[in-house]
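Notes follow once the structure below has been shown.
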Amino acid sequence: MSATPLKRTPLYQAHVKAGARMVPFGGWEMPVQYTGIIEEHRTVRGAVGLFDVSHMGEFEIEGPGALAALQRLTSNDVAALPVGQIHYSLLCYPSGTIVDDLTVYRMGDARYLLTVNAGNIDKDWAWVTEQTRDVKDAHWRNASEGTGLIAVQGPKAETLVARLADRDVTRIGYYRFERGSVAEVPAMISRTGYTGEDGFELYAPADRTERLWTALLAAGRDDGAAPIGLGARDTLRLEMKYALYGNDIDETTNALEAGLGWVVKPDKGDFIGREALEKIRAEGVQRKLVGLEMTERAVARHGYPVLKDGRAVGTVTSGSYGPSVDRYIAMAYVETALAGAGTELAVEIRGQAKPARVVKTPFYPSRVKKA
């Protein structure tokens with residue numbers, strides 16, 4: 001039996017030419033690293049890195065019924081979103097568990113863009129269209145295939161993008177966007193990211209994405225700009241305690257136990273999952289997603305049991321060495337009573353209980369430009 005062939009982004013050939021190690025990820029063939037995960041991680045923290053995130057999905061919705069459709073579908077309050085602004089949100093099942101996490105862009109008075117996770121594109125498309133089929137005057141378009149997306153992240157990201165943009169990108173605030181051109185490629189310039197560093201995500205036509213990528217690398221050469229793979233993307237987001245769908249959140253987890261209650265706005269009115277989440281909120285969560293620091297050299301990986309005095313009290317969802325904090329760190333769901341900072345626990349690694357403690361997060365301070 002032949003497996004389903006992996007999809008490729010518009011930058012696939014550029015990655016191969018640069019010597020990237022390619023791996024399957026969410027149905028896509030993606031670069032996991034170029035020169036090494038730690039080196040690439042430090043490039044982003046110290047200079048500027050470029051990520052190919054063209055595998056992400058983009059759905060457009062417009063029309064007089066678009067706001068009503070999104071208010072029903074998503075947990076955050078879309079009515080509070082001005083044109084030119086973005087917010088983080090969730091798609092929930094009626095049980096309050098998570099279909100996906102996403103960003104919502106308000107493009108115009110009655111036009112919005114949703115950016116969803118690569119591995120969930122087909123599932124999400126079926127969900128949003130099915131759940132809003134009775135909403136009048138809300139027209140959906142799946143723009144994923146025609147859209148390329150490059151993340152430019154790091155303390156020198158603003159200077160690099162400013163050098164090539166046709167507008168003053170220093171005036172674009174955090175979680176805001178503008179349309180313009182970068183390196184003469186039409187782009188939506190979004191001040192967002194997944195690293196904890198300042199930077200932008202540049203949405204461009206798929207057939208112009210490689211030109212934009214090449215121009216950014218050339219213009220940033222003196223700043224130390226380099227392509228960055230999924231491996232460093234994972235360690236960067238872990239240091240920030242940013243949830244990854246499929247690891248830290250999924251259809252078995254709810255927003256409140258995952259620490260995402262801040263994007264659940266019950267006062268806006270009804271939405272899918274609202275009733276269940278309000279019940280969970282009233283009763284209190286049974287477990288919480290926390291940050292763990294291993295107290296010796298040991299990597300706590302997804303699925304490893306978390307122990308207290310030999311008793312299983314939770315499960316690791318993500319874990320790695322954190323290059324910027326020089327510690328072995330992890331995220332895990334643990335019983336609520338044990339979720340306080342300073343609680344001594346252990347992680348079972350290859351049959352041995354390795355000591356760990358609950359710590360405050362993020363592990364590394366965010367340096368996004370919020371002003």
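Residues in the structure tokens are named by chain (A, B, ... in the order shown) and by number from 1 within that chain; ligands are numbered from 1 in the order shown.
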
Taking the DSSP secondary structure from the backbone, can you list the residues of region 36-229 of chain A that are helix (DSSP H, G or I), as a PyMOL selection string? chain A and resi 37-46+66-73+78-80+118-131+157-164+169-171+206-219+221-223

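Non-sequential neighbours of region 167-177 of chain A (distance at most 8 Å, separation of 6 or more positions within a chain, only C-alpha atoms) are Gly84, Gln85, Ile86, His87, Glu158, Val161, Met188, Ile189, Ser190, Arg191, Thr192, Val368, Lys369, Lys370 and Ala371 of chain A.
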
Which of these, A:Ile121, A:Val128, A:Val334, A:Ile98, has the shortest distance to Arg311 (chain A) once you count only C-alpha atoms? A:Val334

Enumerate as a compact mmCIF listing (two decimals) with N, CA and C atoms, in the first residue's frame all residues of region 165-205 of chain A assigned to strand (DSSP E or B) by DSSP on the backbone, naming them with the chain letters and numbers the document uses.
# COMPACT_ATOMS: atom_id res chain seq x y z
N ALA A 165 10.54 46.90 2.93
CA ALA A 165 9.11 47.19 2.85
C ALA A 165 8.85 48.56 2.22
N ARG A 176 -1.16 43.47 15.09
CA ARG A 176 -1.80 44.30 14.08
C ARG A 176 -1.12 44.03 12.74
N PHE A 177 -1.74 44.44 11.66
CA PHE A 177 -1.19 44.15 10.34
C PHE A 177 -1.52 45.27 9.37
N GLU A 178 -0.74 45.31 8.29
CA GLU A 178 -0.99 46.22 7.18
C GLU A 178 -0.71 45.50 5.88
N ARG A 179 -1.36 45.93 4.83
CA ARG A 179 -1.05 45.43 3.49
C ARG A 179 0.02 46.32 2.87
N GLY A 180 0.92 45.71 2.12
CA GLY A 180 1.97 46.48 1.47
C GLY A 180 2.78 45.57 0.57
N SER A 181 4.04 45.95 0.36
CA SER A 181 4.96 45.11 -0.41
C SER A 181 6.26 44.99 0.37
N VAL A 182 6.87 43.82 0.29
CA VAL A 182 8.19 43.58 0.86
C VAL A 182 9.03 42.98 -0.26
N VAL A 185 7.25 42.31 -3.42
CA VAL A 185 6.26 41.22 -3.42
C VAL A 185 5.07 41.68 -2.58
N PRO A 186 3.85 41.65 -3.14
CA PRO A 186 2.69 42.06 -2.34
C PRO A 186 2.55 41.17 -1.11
N ALA A 187 2.34 41.78 0.03
CA ALA A 187 2.33 41.01 1.29
C ALA A 187 1.40 41.63 2.30
N MET A 188 0.87 40.77 3.16
CA MET A 188 0.21 41.23 4.37
C MET A 188 1.26 41.12 5.48
N ILE A 189 1.59 42.25 6.08
CA ILE A 189 2.67 42.34 7.06
C ILE A 189 2.05 42.30 8.45
N SER A 190 2.22 41.18 9.13
CA SER A 190 1.54 40.92 10.40
C SER A 190 2.56 40.86 11.53
N GLY A 199 8.97 40.49 15.72
CA GLY A 199 9.06 40.07 14.33
C GLY A 199 7.74 40.13 13.61
N PHE A 200 7.75 39.57 12.42
CA PHE A 200 6.59 39.64 11.53
C PHE A 200 6.32 38.28 10.90
N GLU A 201 5.08 38.11 10.48
CA GLU A 201 4.70 37.01 9.60
C GLU A 201 4.21 37.65 8.32
N LEU A 202 4.79 37.25 7.20
CA LEU A 202 4.52 37.86 5.91
C LEU A 202 3.74 36.90 5.03
N TYR A 203 2.49 37.26 4.76
CA TYR A 203 1.63 36.46 3.89
C TYR A 203 1.81 36.96 2.46
N ALA A 204 2.09 36.07 1.54
CA ALA A 204 2.37 36.46 0.15
C ALA A 204 1.76 35.43 -0.80
N PRO A 205 1.57 35.80 -2.07
CA PRO A 205 1.10 34.81 -3.04
C PRO A 205 2.09 33.64 -3.11

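Shortest atom-to-atom contact with Ser318 (chain A) among A:Ala330, A:Leu236, A:Ala356, A:Ala183: A:Ala330, counting only C-alpha atoms.
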
Give me the residues within 6 Å of Ala206 (chain A) as a VMD selection string, counting only C-alpha atoms and dropping any in the same chain fewer than 6 places off. chain A and resid 146 to 148

Give me, as a ChimeraX atom specification, all polymer residues having an atom no more than 8 Å from region 67-78 of chain A, counting only C-alpha atoms and skipping those fewer than 5 positions away in the same chain. /A:87-92,110,128,131-132,135,138,263-266,268,270-272,274
